[in-house]
$ cat start.cif   # mmCIF, C-alpha atoms
data_query
loop_
_atom_site.label_atom_id
_atom_site.label_comp_id
_atom_site.auth_asym_id
_atom_site.auth_seq_id
_atom_site.Cartn_x
_atom_site.Cartn_y
_atom_site.Cartn_z
CA MET A 1 11.20 161.56 -1.55
CA LYS A 2 8.87 164.54 -1.58
CA ILE A 3 10.11 166.63 -4.51
CA GLY A 4 8.73 170.16 -4.88
CA ILE A 5 8.86 172.02 -8.20
CA LEU A 6 8.33 175.78 -8.49
CA GLY A 7 6.41 176.12 -11.75
CA GLY A 8 3.84 173.77 -13.17
CA GLY A 9 4.54 174.19 -16.89
CA GLN A 10 5.55 171.76 -19.60
CA LEU A 11 9.12 171.35 -18.34
CA GLY A 12 7.87 170.19 -14.96
CA ARG A 13 5.30 167.98 -16.67
CA MET A 14 7.91 166.20 -18.78
CA LEU A 15 10.23 165.83 -15.77
CA ILE A 16 7.43 164.17 -13.80
CA GLN A 17 6.43 161.99 -16.78
CA GLU A 18 10.01 160.71 -17.01
CA ALA A 19 10.36 160.21 -13.24
CA LEU A 20 7.08 158.32 -12.76
CA LYS A 21 9.03 155.10 -13.42
CA TYR A 22 10.74 155.73 -10.05
CA ASP A 23 9.21 155.95 -6.58
CA ASP A 24 8.81 159.58 -5.52
CA GLN A 25 6.06 162.09 -4.86
CA PHE A 26 5.97 165.27 -6.94
CA TYR A 27 4.48 168.57 -5.75
CA THR A 28 4.12 171.62 -8.00
CA LEU A 29 3.31 175.30 -7.42
CA ASP A 30 1.93 177.48 -10.21
CA PRO A 31 -0.40 180.51 -10.43
CA ALA A 32 -2.51 178.93 -13.21
CA SER A 33 -5.20 176.49 -12.03
CA ASP A 34 -4.94 174.53 -15.30
CA ALA A 35 -1.11 174.46 -15.48
CA PRO A 36 0.26 171.42 -17.37
CA CYS A 37 1.31 169.78 -14.06
CA HIS A 38 -2.00 170.26 -12.28
CA ASN A 39 -3.32 166.75 -12.97
CA ILE A 40 -0.10 164.72 -12.73
CA SER A 41 1.24 165.99 -9.38
CA TYR A 42 0.16 167.17 -5.95
CA PHE A 43 -0.72 170.63 -7.19
CA THR A 44 -0.88 173.94 -5.32
CA GLN A 45 -2.23 177.03 -7.06
CA GLY A 46 -0.14 179.98 -5.89
CA ASN A 47 2.39 182.66 -6.77
CA PHE A 48 5.96 181.33 -6.96
CA ASN A 49 7.20 184.94 -6.70
CA ASP A 50 5.64 185.41 -3.26
CA PHE A 51 8.03 184.84 -0.34
CA GLU A 52 5.53 183.28 2.10
CA THR A 53 3.88 181.12 -0.57
CA VAL A 54 7.21 179.61 -1.64
CA LEU A 55 8.31 179.16 1.99
CA ASN A 56 5.09 177.36 2.93
CA PHE A 57 5.22 175.24 -0.20
CA GLY A 58 8.79 174.10 0.37
CA LYS A 59 9.06 173.68 4.13
CA ASP A 60 7.88 170.03 4.25
CA LYS A 61 9.69 168.85 1.09
CA ASP A 62 12.91 166.82 0.93
CA VAL A 63 14.13 168.85 -2.03
CA VAL A 64 12.83 171.85 -3.99
CA THR A 65 13.73 172.59 -7.61
CA ILE A 66 12.51 174.90 -10.38
CA GLU A 67 11.22 174.68 -13.93
CA ILE A 68 11.22 178.46 -14.38
CA GLU A 69 13.85 180.84 -13.00
CA HIS A 70 11.53 183.78 -12.26
CA VAL A 71 10.79 182.66 -8.70
CA ASN A 72 11.39 184.09 -5.22
CA ALA A 73 15.07 183.26 -4.65
CA ASP A 74 15.03 184.85 -1.16
CA ALA A 75 12.43 182.31 -0.05
CA LEU A 76 14.60 179.52 -1.48
CA ALA A 77 17.56 180.88 0.52
CA GLU A 78 15.43 180.77 3.68
CA LEU A 79 14.43 177.17 2.91
CA GLU A 80 18.14 176.33 2.62
CA ASN A 81 18.66 177.96 6.04
CA GLN A 82 15.96 175.66 7.39
CA GLY A 83 17.77 172.59 6.05
CA ILE A 84 15.72 172.01 2.86
CA LYS A 85 17.80 171.04 -0.16
CA VAL A 86 17.33 173.44 -3.10
CA VAL A 87 18.57 172.43 -6.59
CA PRO A 88 20.11 174.47 -8.11
CA ASN A 89 20.98 176.55 -5.06
CA SER A 90 19.31 179.89 -4.41
CA LYS A 91 22.51 181.85 -5.04
CA ILE A 92 22.93 180.75 -8.67
CA ILE A 93 19.17 181.14 -9.34
CA LYS A 94 19.38 184.73 -8.06
CA THR A 95 22.45 185.38 -10.23
CA ILE A 96 20.96 183.96 -13.42
CA GLN A 97 17.47 185.46 -13.03
CA GLN A 98 18.99 188.95 -13.25
CA LYS A 99 20.70 189.61 -16.59
CA ILE A 100 23.05 192.19 -15.02
CA LEU A 101 24.30 189.78 -12.35
CA GLN A 102 24.53 187.01 -14.94
CA LYS A 103 26.76 189.10 -17.23
CA GLU A 104 28.91 190.17 -14.30
CA PHE A 105 29.25 186.51 -13.30
CA TYR A 106 30.67 185.65 -16.76
CA GLN A 107 32.99 188.65 -16.61
CA ALA A 108 34.28 187.77 -13.12
CA HIS A 109 35.08 184.20 -14.16
CA ASN A 110 36.55 184.92 -17.61
CA ILE A 111 33.71 183.14 -19.43
CA PRO A 112 33.56 184.69 -22.93
CA SER A 113 30.39 186.73 -23.34
CA PRO A 114 29.74 189.70 -25.65
CA GLU A 115 30.93 193.16 -24.55
CA PHE A 116 28.27 194.96 -22.55
CA GLU A 117 27.34 197.92 -20.40
CA ILE A 118 24.66 198.35 -17.76
CA MET A 119 21.80 200.80 -18.19
CA ASP A 120 19.91 201.98 -15.10
CA GLY A 121 16.78 203.13 -16.90
CA SER A 122 18.20 206.23 -18.60
CA SER A 123 19.59 206.55 -22.14
CA ASP A 124 21.78 209.59 -21.30
CA GLU A 125 25.01 207.74 -20.61
CA ILE A 126 25.03 205.09 -23.35
CA LYS A 127 28.58 204.53 -24.62
CA ILE A 128 28.21 201.20 -26.44
CA SER A 129 28.33 201.48 -30.24
CA PHE A 130 25.51 200.52 -32.61
CA PRO A 131 24.15 197.97 -33.21
CA PHE A 132 23.50 196.52 -29.76
CA VAL A 133 20.99 194.28 -28.00
CA GLN A 134 18.95 195.52 -25.05
CA LYS A 135 18.02 192.82 -22.52
CA LEU A 136 15.77 193.74 -19.60
CA ASN A 137 17.39 192.86 -16.29
CA THR A 138 14.46 190.73 -15.11
CA GLY A 139 11.41 189.01 -16.52
CA GLY A 140 12.62 188.27 -20.05
CA TYR A 141 11.50 184.87 -21.33
CA ASP A 142 11.01 183.15 -24.71
CA GLY A 143 12.29 186.13 -26.68
CA LYS A 144 10.38 188.72 -24.62
CA GLY A 145 12.36 191.50 -22.95
CA VAL A 146 14.98 191.52 -25.74
CA GLN A 147 15.29 193.98 -28.65
CA ILE A 148 17.95 195.11 -31.13
CA ILE A 149 18.85 198.80 -31.30
CA ARG A 150 20.53 199.36 -34.68
CA THR A 151 20.65 203.15 -35.06
CA ALA A 152 20.35 206.39 -33.08
CA GLU A 153 16.77 206.62 -34.40
CA ASP A 154 15.97 203.29 -32.68
CA LEU A 155 16.89 204.84 -29.32
CA ARG A 156 13.35 206.20 -29.13
CA ASN A 157 12.23 202.56 -28.68
CA LEU A 158 14.68 201.96 -25.82
CA TRP A 159 13.02 200.57 -22.70
CA THR A 160 13.61 202.83 -19.70
CA GLN A 161 14.21 199.99 -17.27
CA ASP A 162 17.34 198.42 -15.81
CA SER A 163 18.97 196.57 -18.70
CA VAL A 164 22.06 195.02 -20.15
CA LEU A 165 23.18 196.63 -23.42
CA GLU A 166 25.21 194.04 -25.30
CA LYS A 167 27.29 194.28 -28.46
CA LEU A 168 25.48 192.57 -31.34
CA VAL A 169 27.36 189.45 -32.44
CA ASP A 170 27.67 188.65 -36.16
CA ILE A 171 26.15 185.18 -35.69
CA ASP A 172 26.98 182.17 -37.84
CA LYS A 173 25.09 179.64 -35.67
CA GLU A 174 23.15 179.62 -32.41
CA LEU A 175 24.14 176.62 -30.32
CA SER A 176 23.17 175.13 -26.98
CA VAL A 177 24.89 172.75 -24.60
CA ILE A 178 23.17 171.21 -21.59
CA VAL A 179 25.39 170.38 -18.64
CA ALA A 180 24.66 168.66 -15.35
CA ARG A 181 26.35 168.35 -11.98
CA ASN A 182 25.21 166.37 -8.96
CA GLU A 183 25.99 167.00 -5.30
CA ASN A 184 28.88 164.54 -5.44
CA GLY A 185 30.56 166.74 -8.06
CA GLU A 186 30.02 164.32 -10.94
CA THR A 187 29.41 166.17 -14.23
CA LYS A 188 27.99 165.22 -17.64
CA THR A 189 27.52 167.20 -20.84
CA PHE A 190 25.01 166.55 -23.62
CA PRO A 191 26.20 166.80 -27.22
CA VAL A 192 25.92 170.34 -28.64
CA THR A 193 22.70 171.15 -30.50
CA GLU A 194 22.02 173.82 -33.11
CA MET A 195 19.04 176.11 -32.54
CA VAL A 196 17.16 177.62 -35.46
CA ALA A 197 14.89 180.46 -34.34
CA ASP A 198 11.63 181.65 -35.85
CA PRO A 199 12.59 185.23 -36.84
CA LYS A 200 9.05 186.54 -36.35
CA LEU A 201 8.34 185.06 -32.90
CA ASN A 202 11.98 185.08 -31.70
CA LEU A 203 11.25 181.56 -30.41
CA LEU A 204 13.12 178.32 -31.02
CA ASP A 205 11.73 176.72 -34.17
CA PHE A 206 14.00 173.70 -34.87
CA ASN A 207 16.62 172.02 -32.73
CA ILE A 208 19.20 169.77 -34.46
CA CYS A 209 21.70 167.24 -33.09
CA PRO A 210 24.50 166.40 -33.59
CA VAL A 211 26.27 169.54 -34.84
CA PHE A 212 29.53 169.02 -36.69
CA LEU A 213 32.02 171.54 -35.35
CA SER A 214 35.73 172.03 -35.94
CA GLU A 215 38.11 170.77 -33.27
CA ASP A 216 38.88 174.36 -32.26
CA ILE A 217 35.21 175.31 -31.82
CA GLN A 218 34.48 172.14 -29.82
CA LYS A 219 37.48 172.93 -27.60
CA GLN A 220 36.14 176.43 -26.94
CA ILE A 221 32.77 174.97 -25.91
CA ASP A 222 34.40 172.32 -23.71
CA SER A 223 36.46 175.01 -22.00
CA ILE A 224 33.33 177.10 -21.31
CA THR A 225 31.34 174.16 -19.91
CA GLU A 226 34.20 173.00 -17.69
CA LYS A 227 34.77 176.52 -16.35
CA PHE A 228 31.03 177.08 -15.78
CA LEU A 229 30.56 173.81 -13.87
CA GLU A 230 33.65 174.60 -11.81
CA VAL A 231 32.57 178.11 -10.74
CA VAL A 232 28.80 177.65 -10.49
CA ASN A 233 29.34 175.72 -7.22
CA SER A 234 25.88 174.14 -7.27
CA PRO A 235 24.26 170.90 -8.32
CA GLY A 236 21.86 171.47 -11.18
CA LEU A 237 21.09 171.08 -14.85
CA PHE A 238 21.99 174.16 -16.90
CA ALA A 239 21.36 175.06 -20.55
CA ILE A 240 24.15 177.29 -21.84
CA GLU A 241 23.06 179.15 -24.98
CA LEU A 242 25.97 180.02 -27.25
CA PHE A 243 26.72 182.16 -30.30
CA LEU A 244 29.24 181.01 -32.91
CA ASP A 245 30.35 184.15 -34.74
CA GLN A 246 31.50 184.45 -38.34
CA GLU A 247 35.16 184.31 -37.26
CA GLY A 248 34.82 181.01 -35.39
CA LYS A 249 34.65 182.43 -31.85
CA ILE A 250 32.20 181.09 -29.25
CA TRP A 251 30.34 183.48 -26.94
CA VAL A 252 27.91 182.72 -24.10
CA ASN A 253 24.55 184.35 -24.81
CA GLU A 254 22.86 183.37 -21.56
CA THR A 255 22.26 180.41 -19.27
CA ALA A 256 19.05 178.83 -18.00
CA PRO A 257 19.38 177.15 -14.57
CA ARG A 258 16.81 174.51 -15.52
CA LEU A 259 15.49 172.19 -18.20
CA HIS A 260 15.38 173.85 -21.60
CA ASN A 261 13.59 173.81 -24.95
CA SER A 262 16.91 173.13 -26.72
CA GLY A 263 17.15 169.72 -25.00
CA HIS A 264 13.79 168.27 -26.01
CA GLN A 265 15.17 166.15 -28.86
CA SER A 266 17.13 164.19 -26.22
CA GLN A 267 13.87 162.37 -25.33
CA GLU A 268 14.30 160.02 -28.29
CA GLY A 269 17.64 161.14 -29.75
CA ASN A 270 19.98 160.44 -26.83
CA ALA A 271 20.74 157.48 -24.60
CA ASN A 272 18.95 159.41 -21.84
CA SER A 273 16.94 162.63 -21.92
CA GLN A 274 17.55 165.92 -20.13
CA PHE A 275 14.53 165.02 -17.98
CA GLU A 276 16.11 161.76 -16.79
CA GLN A 277 19.28 163.70 -16.06
CA MET A 278 17.45 166.38 -14.09
CA TYR A 279 15.74 163.73 -11.97
CA ARG A 280 19.11 162.17 -11.18
CA VAL A 281 20.60 165.56 -10.29
CA VAL A 282 17.72 166.31 -7.90
CA LYS A 283 18.12 162.90 -6.23
CA ASN A 284 21.95 163.02 -6.28
CA LEU A 285 22.10 159.75 -8.23
CA PRO A 286 24.85 158.71 -10.66
CA LEU A 287 24.42 160.82 -13.79
CA ALA A 288 23.04 159.28 -16.98
CA ASP A 289 24.78 158.54 -20.27
CA THR A 290 24.13 161.42 -22.70
CA ASP A 291 25.40 160.00 -26.02
CA SER A 292 23.56 160.79 -29.26
CA LEU A 293 21.97 157.66 -30.75
CA THR A 294 21.37 159.05 -34.24
CA TYR A 295 20.45 162.31 -36.01
CA SER A 296 17.63 163.93 -34.06
CA GLY A 297 15.67 167.13 -34.17
CA MET A 298 12.75 168.93 -32.59
CA LEU A 299 10.02 171.20 -33.91
CA ASN A 300 8.04 173.43 -31.54
CA LEU A 301 4.26 173.35 -31.88
CA VAL A 302 3.29 177.00 -31.46
CA GLY A 303 -0.14 178.63 -31.61
CA ALA A 304 -0.79 179.94 -35.13
CA GLU A 305 -1.32 183.66 -35.78
CA GLY A 306 -4.99 184.67 -35.65
CA PHE A 307 -6.23 181.76 -33.51
CA SER A 308 -7.21 181.90 -29.84
CA GLY A 309 -9.40 179.44 -27.98
CA LYS A 310 -9.80 175.68 -27.52
CA VAL A 311 -6.89 174.07 -29.30
CA ILE A 312 -7.11 171.99 -32.47
CA TYR A 313 -4.01 170.25 -33.88
CA GLU A 314 -4.60 170.32 -37.63
CA GLY A 315 -2.76 167.62 -39.61
CA MET A 316 -1.75 165.55 -36.59
CA ASP A 317 -3.10 162.27 -38.01
CA ASP A 318 -0.69 162.55 -40.94
CA VAL A 319 2.23 163.29 -38.60
CA LEU A 320 1.40 160.22 -36.51
CA LYS A 321 1.72 158.03 -39.61
CA MET A 322 5.35 159.05 -40.09
CA PRO A 323 8.09 156.67 -38.88
CA LYS A 324 10.51 157.75 -36.14
CA THR A 325 8.35 160.78 -35.33
CA TYR A 326 7.26 161.45 -31.75
CA VAL A 327 4.55 163.85 -30.55
CA HIS A 328 4.74 165.50 -27.11
CA LEU A 329 1.75 167.67 -26.12
CA TYR A 330 1.78 169.83 -23.00
CA GLY A 331 -1.77 169.44 -21.73
CA LYS A 332 -2.70 173.05 -22.54
CA THR A 333 -6.33 173.29 -23.63
CA GLU A 334 -6.27 176.94 -24.80
CA THR A 335 -4.11 178.18 -27.65
CA LYS A 336 -3.11 181.72 -28.58
CA PRO A 337 -0.63 183.13 -31.13
CA GLY A 338 2.95 182.20 -30.26
CA ARG A 339 2.06 179.99 -27.27
CA LYS A 340 4.11 176.79 -26.97
CA MET A 341 1.61 173.92 -27.02
CA GLY A 342 3.88 170.95 -27.63
CA HIS A 343 6.75 169.69 -29.75
CA ILE A 344 7.52 166.92 -32.21
CA ASN A 345 10.80 165.00 -32.19
CA VAL A 346 12.15 163.37 -35.33
CA LEU A 347 14.93 160.80 -35.87
CA ALA A 348 16.80 160.27 -39.14
CA ASP A 349 19.87 158.58 -40.65
CA SER A 350 21.43 161.79 -42.02
CA LYS A 351 21.25 165.54 -41.49
CA GLU A 352 19.66 165.95 -44.93
CA GLU A 353 16.90 163.47 -44.10
CA LEU A 354 16.41 165.10 -40.69
CA MET A 355 15.93 168.58 -42.16
CA GLU A 356 13.56 167.25 -44.83
CA LYS A 357 11.42 165.57 -42.18
CA LEU A 358 11.38 168.62 -39.89
CA VAL A 359 10.35 170.94 -42.75
CA LYS A 360 7.71 168.44 -43.88
CA VAL A 361 6.24 168.17 -40.36
CA LYS A 362 6.18 171.96 -40.01
CA GLU A 363 4.21 172.22 -43.25
CA MET A 364 1.78 169.44 -42.21
CA VAL A 365 0.69 170.55 -38.76
CA ARG A 366 -0.93 173.77 -37.53
CA VAL A 367 -2.05 174.73 -34.04
CA ILE A 368 -5.40 176.47 -34.46
CA ALA A 369 -8.65 176.96 -32.52
#
$ encode --input "start.cif" --output "structure tokens"
Amino acid sequence: MKIGILGGGQLGRMLIQEALKYDDQFYTLDPASDAPCHNISYFTQGNFNDFETVLNFGKDKDVVTIEIEHVNADALAELENQGIKVVPNSKIIKTIQQKILQKEFYQAHNIPSPEFEIMDGSSDEIKISFPFVQKLNTGGYDGKGVQIIRTAEDLRNLWTQDSVLEKLVDIDKELSVIVARNENGETKTFPVTEMVADPKLNLLDFNICPVFLSEDIQKQIDSITEKFLEVVNSPGLFAIELFLDQEGKIWVNETAPRLHNSGHQSQEGNANSQFEQMYRVVKNLPLADTDSLTYSGMLNLVGAEGFSGKVIYEGMDDVLKMPKTYVHLYGKTETKPGRKMGHINVLADSKEELMEKLVKVKEMVRVIA
């Protein structure tokens, strides 16, 4: 099959790396000439937000998918009209890529998500109480386009763009669950992972699996995933980011209609990875076993503050000497502060050992120039 991917970043790269053991041709579209996929696929440099570019890219493919949601969904809808398979479908991509539509989707289907109101670019009519989170309607990614407004004084920092204003949840844990559905309606869910964010960068720092949750909390998550897969009405792989609040209630933060950073530890930690699963979804194959094999975790390799230029991975030799430790680099030659350059997966026999290893690796390696 000729499989087209909008976006040529690390998620597409790892999908292709996993799928190279099968017999397909992969085509990618990305605005950056040196995108991580440029040398492992049939690569087209171009704007995946441009209607004609996406249409021309997709028209001769058997199936088109995405590795970033900020793409031209109208062009994907036209490809569907022309008989090209799009996974996930253009309708759910369009819903999820706009925070307002995404929140309204949860509300319409009784999927628990924090209380919110919609702001149309003016602060005059704000009714929601402090503190709240402002999320720009479009374009937010990796912690960008999100800010907390705690007091009336903070209103001067309010962005005057279409936004969701969302009640701030008193968070105990941030969790993620990756779910998949193929065209035949078969579904599979990966074990829940815990996400630990870097407070400065607002980026995922560690990812830990499994997470030990009470029966009630697990039931809440199962109910959300079942409802989501039922109403989404599209094949796809979806990462549902969740908040567990201090009172034991689960809330949906947001959903990514694609592969996700919170599933990287599945590469070595699960019977099959999220990338294997995504390939099977795209091909409408039987879905893969998702069981955890052991304790597993992931550490993002992010460009260090104060360094821009040709990347150097300081301390990598020492990391490579560690048992059950797996390096995944993204093929990016230039680093800058906060840029995701790779990740390291770690396996362990207990949560204590896992956390010790993750902290040790974080102290050992630095991404500099």
$ residues_around --input "start.cif" --residues "stretch 165-176 of chain A" --least-positions-apart "2" --cutoff "9 Å" --atoms "all atoms listed in the file" --output "NGL selection string"
:A and (114-119 or 126 or 128-136 or 148 or 163 or 178 or 191-197 or 211 or 239-248 or 251 or 262-263)
$ resolve_selection --input "start.cif" --expression "the PyMOL selection byres ((chain A and resi 278) around 9)" --output "number ranges by chain"
A: 15, 180, 236-237, 258-259, 273-277, 279-283, 287
$ write_last_selection --input "start.cif" --atoms "C-alpha atoms" --output "PDB file, in the coordinates of the input"
ATOM      1  CA  LEU A  15      10.230 165.830 -15.770  1.00  0.00           C
ATOM      2  CA  ALA A 180      24.660 168.660 -15.350  1.00  0.00           C
ATOM      3  CA  GLY A 236      21.860 171.470 -11.180  1.00  0.00           C
ATOM      4  CA  LEU A 237      21.090 171.080 -14.850  1.00  0.00           C
ATOM      5  CA  ARG A 258      16.810 174.510 -15.520  1.00  0.00           C
ATOM      6  CA  LEU A 259      15.490 172.190 -18.200  1.00  0.00           C
ATOM      7  CA  SER A 273      16.940 162.630 -21.920  1.00  0.00           C
ATOM      8  CA  GLN A 274      17.550 165.920 -20.130  1.00  0.00           C
ATOM      9  CA  PHE A 275      14.530 165.020 -17.980  1.00  0.00           C
ATOM     10  CA  GLU A 276      16.110 161.760 -16.790  1.00  0.00           C
ATOM     11  CA  GLN A 277      19.280 163.700 -16.060  1.00  0.00           C
ATOM     12  CA  TYR A 279      15.740 163.730 -11.970  1.00  0.00           C
ATOM     13  CA  ARG A 280      19.110 162.170 -11.180  1.00  0.00           C
ATOM     14  CA  VAL A 281      20.600 165.560 -10.290  1.00  0.00           C
ATOM     15  CA  VAL A 282      17.720 166.310  -7.900  1.00  0.00           C
ATOM     16  CA  LYS A 283      18.120 162.900  -6.230  1.00  0.00           C
ATOM     17  CA  LEU A 287      24.420 160.820 -13.790  1.00  0.00           C
TER      18      LEU A 287
END
$ closest_residue --input "start.cif" --among "A:Ala304, A:Leu29, A:Val63, A:Leu6" --to "A:Glu80" --atoms "all atoms listed in the file"
A:Val63
$ residues_around --input "start.cif" --residues "A:Ala35" --least-positions-apart "3" --cutoff "7 Å" --atoms "all atoms listed in the file" --output "short mmCIF file (atom, residue, chain, number, x, y, z; two decimals) with C-alpha atoms, in the coordinates of the input"
data_model
loop_
_atom_site.label_atom_id
_atom_site.label_comp_id
_atom_site.auth_asym_id
_atom_site.auth_seq_id
_atom_site.Cartn_x
_atom_site.Cartn_y
_atom_site.Cartn_z
CA GLY A 8 3.84 173.77 -13.17
CA GLY A 9 4.54 174.19 -16.89
CA ASP A 30 1.93 177.48 -10.21
CA ALA A 32 -2.51 178.93 -13.21
CA HIS A 38 -2.00 170.26 -12.28
#
$ atom_distance --input "start.cif" --atom1 "atom CA of A:Leu20" --atom2 "atom CA of A:Leu285"
15.8 Å
$ resolve_selection --input "start.cif" --expression "the PyMOL selection byres ((chain A and resi 97) around 8)" --output "list in words"
Glu69, His70, Ile93, Lys94, Thr95, Ile96, Gln98, Lys99, Gln102, Thr138 and Gly139 of chain A
$ closest_atom_pairs --input "start.cif" --of "stretch 18-82 of chain A" --to "stretch 88-92 of chain A" --cutoff "12 Å" --atoms "all atoms listed in the file" --output "JSON lines"
{"residue": "A:Val63", "atom": "CA", "partner": "A:Pro88", "partner_atom": "CA", "distance": 10.2}
{"residue": "A:Val64", "atom": "CA", "partner": "A:Pro88", "partner_atom": "CA", "distance": 8.8}
{"residue": "A:Thr65", "atom": "CA", "partner": "A:Pro88", "partner_atom": "CA", "distance": 6.7}
{"residue": "A:Ile66", "atom": "CA", "partner": "A:Pro88", "partner_atom": "CA", "distance": 7.9}
{"residue": "A:Glu67", "atom": "CA", "partner": "A:Pro88", "partner_atom": "CA", "distance": 10.6}
{"residue": "A:Ile68", "atom": "CA", "partner": "A:Pro88", "partner_atom": "CA", "distance": 11.6}
{"residue": "A:Glu69", "atom": "CA", "partner": "A:Ile92", "partner_atom": "CA", "distance": 10.1}
{"residue": "A:His70", "atom": "CA", "partner": "A:Ser90", "partner_atom": "CA", "distance": 11.7}
{"residue": "A:Val71", "atom": "CA", "partner": "A:Ser90", "partner_atom": "CA", "distance": 9.9}
{"residue": "A:Asn72", "atom": "CA", "partner": "A:Ser90", "partner_atom": "CA", "distance": 9.0}
{"residue": "A:Ala73", "atom": "CA", "partner": "A:Ser90", "partner_atom": "CA", "distance": 5.4}
{"residue": "A:Asp74", "atom": "CA", "partner": "A:Ser90", "partner_atom": "CA", "distance": 7.3}
{"residue": "A:Ala75", "atom": "CA", "partner": "A:Ser90", "partner_atom": "CA", "distance": 8.5}
{"residue": "A:Leu76", "atom": "CA", "partner": "A:Ser90", "partner_atom": "CA", "distance": 5.6}
{"residue": "A:Ala77", "atom": "CA", "partner": "A:Ser90", "partner_atom": "CA", "distance": 5.3}
{"residue": "A:Glu78", "atom": "CA", "partner": "A:Ser90", "partner_atom": "CA", "distance": 9.0}
{"residue": "A:Leu79", "atom": "CA", "partner": "A:Ser90", "partner_atom": "CA", "distance": 9.2}
{"residue": "A:Glu80", "atom": "CA", "partner": "A:Ser90", "partner_atom": "CA", "distance": 8.0}
{"residue": "A:Asn81", "atom": "CA", "partner": "A:Ser90", "partner_atom": "CA", "distance": 10.6}
$ residues_around --input "start.cif" --residues "A:Pro235" --least-positions-apart "2" --cutoff "6 Å" --atoms "all atoms listed in the file" --output "JSON, numbers by chain"
{"A": [88, 181, 182, 183]}
$ resolve_selection --input "start.cif" --expression "the PyMOL selection byres ((chain A and resi 228) around 12)" --output "PyMOL selection string"
chain A and resi 92+102+105-112+177-181+187+189+221-227+229-240+252+254-255+257
$ residues_around --input "start.cif" --residues "A:Asp291" --least-positions-apart "4" --cutoff "12 Å" --atoms "all atoms listed in the file" --output "MDAnalysis selection string"
chainID A and resid 188:192 209:210 266:274 295:296
$ closest_residue --input "start.cif" --among "A:Ile5, A:Val346, A:Met14, A:Ile100" --to "A:Thr44" --atoms "only C-alpha atoms"
A:Ile5
$ closest_residue --input "start.cif" --among "A:Gly58, A:Gly331, A:Pro337, A:Pro323" --to "A:Gln10" --atoms "all atoms listed in the file"
A:Gly331
$ residues_near_point --input "start.cif" --point "(5.1, 164.5, -6.8)" --cutoff "9 Å" --atoms "all atoms listed in the file" --output "list in words"
Met1, Lys2, Ile3, Gly4, Ile5, Ile16, Leu20, Asp24, Gln25, Phe26, Tyr27, Thr28, Ile40, Ser41, Tyr42 and Phe43 of chain A
$ atom_distance --input "start.cif" --atom1 "atom CA of A:Thr290" --atom2 "atom CA of A:Lys360"
27.7 Å
$ residues_near_point --input "start.cif" --point "(21.6, 207.1, -31.3)" --cutoff "12 Å" --atoms "only C-alpha atoms" --output "list in words"
Ser123, Asp124, Glu125, Ile126, Lys127, Ile128, Ser129, Phe130, Pro131, Phe132, Ile149, Arg150, Thr151, Ala152, Glu153, Asp154, Leu155, Arg156, Asn157 and Leu158 of chain A
$ atom_distance --input "start.cif" --atom1 "atom CA of A:Glu363" --atom2 "atom CA of A:Arg13"
26.9 Å
$ axis_aligned_box --input "start.cif" --around "stretch 103-106 of chain A" --padding-each-side "5 Å" --output "AutoDock Vina command-line options"
--center_x 28.7 --center_y 187.9 --center_z -15.3 --size_x 13.9 --size_y 14.5 --size_z 13.9
$ residues_around --input "start.cif" --residues "A:Tyr330" --least-positions-apart "3" --cutoff "7 Å" --atoms "all atoms listed in the file" --output "JSON, numbers by chain"
{"A": [10, 36, 341, 342]}
$ closest_residue --input "start.cif" --among "A:Ile250, A:Met364, A:Ile217, A:Val146" --to "A:Ser113" --atoms "all atoms listed in the file"
A:Ile250
$ build_atoms --input "start.cif" --residues "stretch 304-310 of chain A" --atoms "N, CA, C and O atoms" --output "mmCIF file, in the frame of the given file"
data_model
loop_
_atom_site.group_PDB
_atom_site.id
_atom_site.type_symbol
_atom_site.label_atom_id
_atom_site.label_comp_id
_atom_site.auth_asym_id
_atom_site.auth_seq_id
_atom_site.Cartn_x
_atom_site.Cartn_y
_atom_site.Cartn_z
ATOM 1 N N ALA A 304 -0.841 179.206 -33.862
ATOM 2 C CA ALA A 304 -0.790 179.940 -35.130
ATOM 3 C C ALA A 304 -1.366 181.346 -34.961
ATOM 4 O O ALA A 304 -2.242 181.591 -34.119
ATOM 5 N N GLU A 305 -0.858 182.265 -35.771
ATOM 6 C CA GLU A 305 -1.320 183.660 -35.780
ATOM 7 C C GLU A 305 -2.818 183.685 -36.109
ATOM 8 O O GLU A 305 -3.296 182.986 -37.002
ATOM 9 N N GLY A 306 -3.566 184.476 -35.345
ATOM 10 C CA GLY A 306 -4.990 184.670 -35.650
ATOM 11 C C GLY A 306 -5.916 183.669 -34.996
ATOM 12 O O GLY A 306 -7.123 183.697 -35.244
ATOM 13 N N PHE A 307 -5.377 182.768 -34.152
ATOM 14 C CA PHE A 307 -6.230 181.760 -33.510
ATOM 15 C C PHE A 307 -6.065 181.804 -32.003
ATOM 16 O O PHE A 307 -4.965 181.679 -31.470
ATOM 17 N N SER A 308 -7.178 181.974 -31.295
ATOM 18 C CA SER A 308 -7.210 181.900 -29.840
ATOM 19 C C SER A 308 -8.440 181.115 -29.433
ATOM 20 O O SER A 308 -9.510 181.290 -30.018
ATOM 21 N N GLY A 309 -8.271 180.235 -28.454
ATOM 22 C CA GLY A 309 -9.400 179.440 -27.980
ATOM 23 C C GLY A 309 -9.021 177.990 -27.784
ATOM 24 O O GLY A 309 -7.841 177.647 -27.656
ATOM 25 N N LYS A 310 -10.025 177.114 -27.766
ATOM 26 C CA LYS A 310 -9.800 175.680 -27.520
ATOM 27 C C LYS A 310 -8.963 175.103 -28.661
ATOM 28 O O LYS A 310 -9.301 175.239 -29.826
#
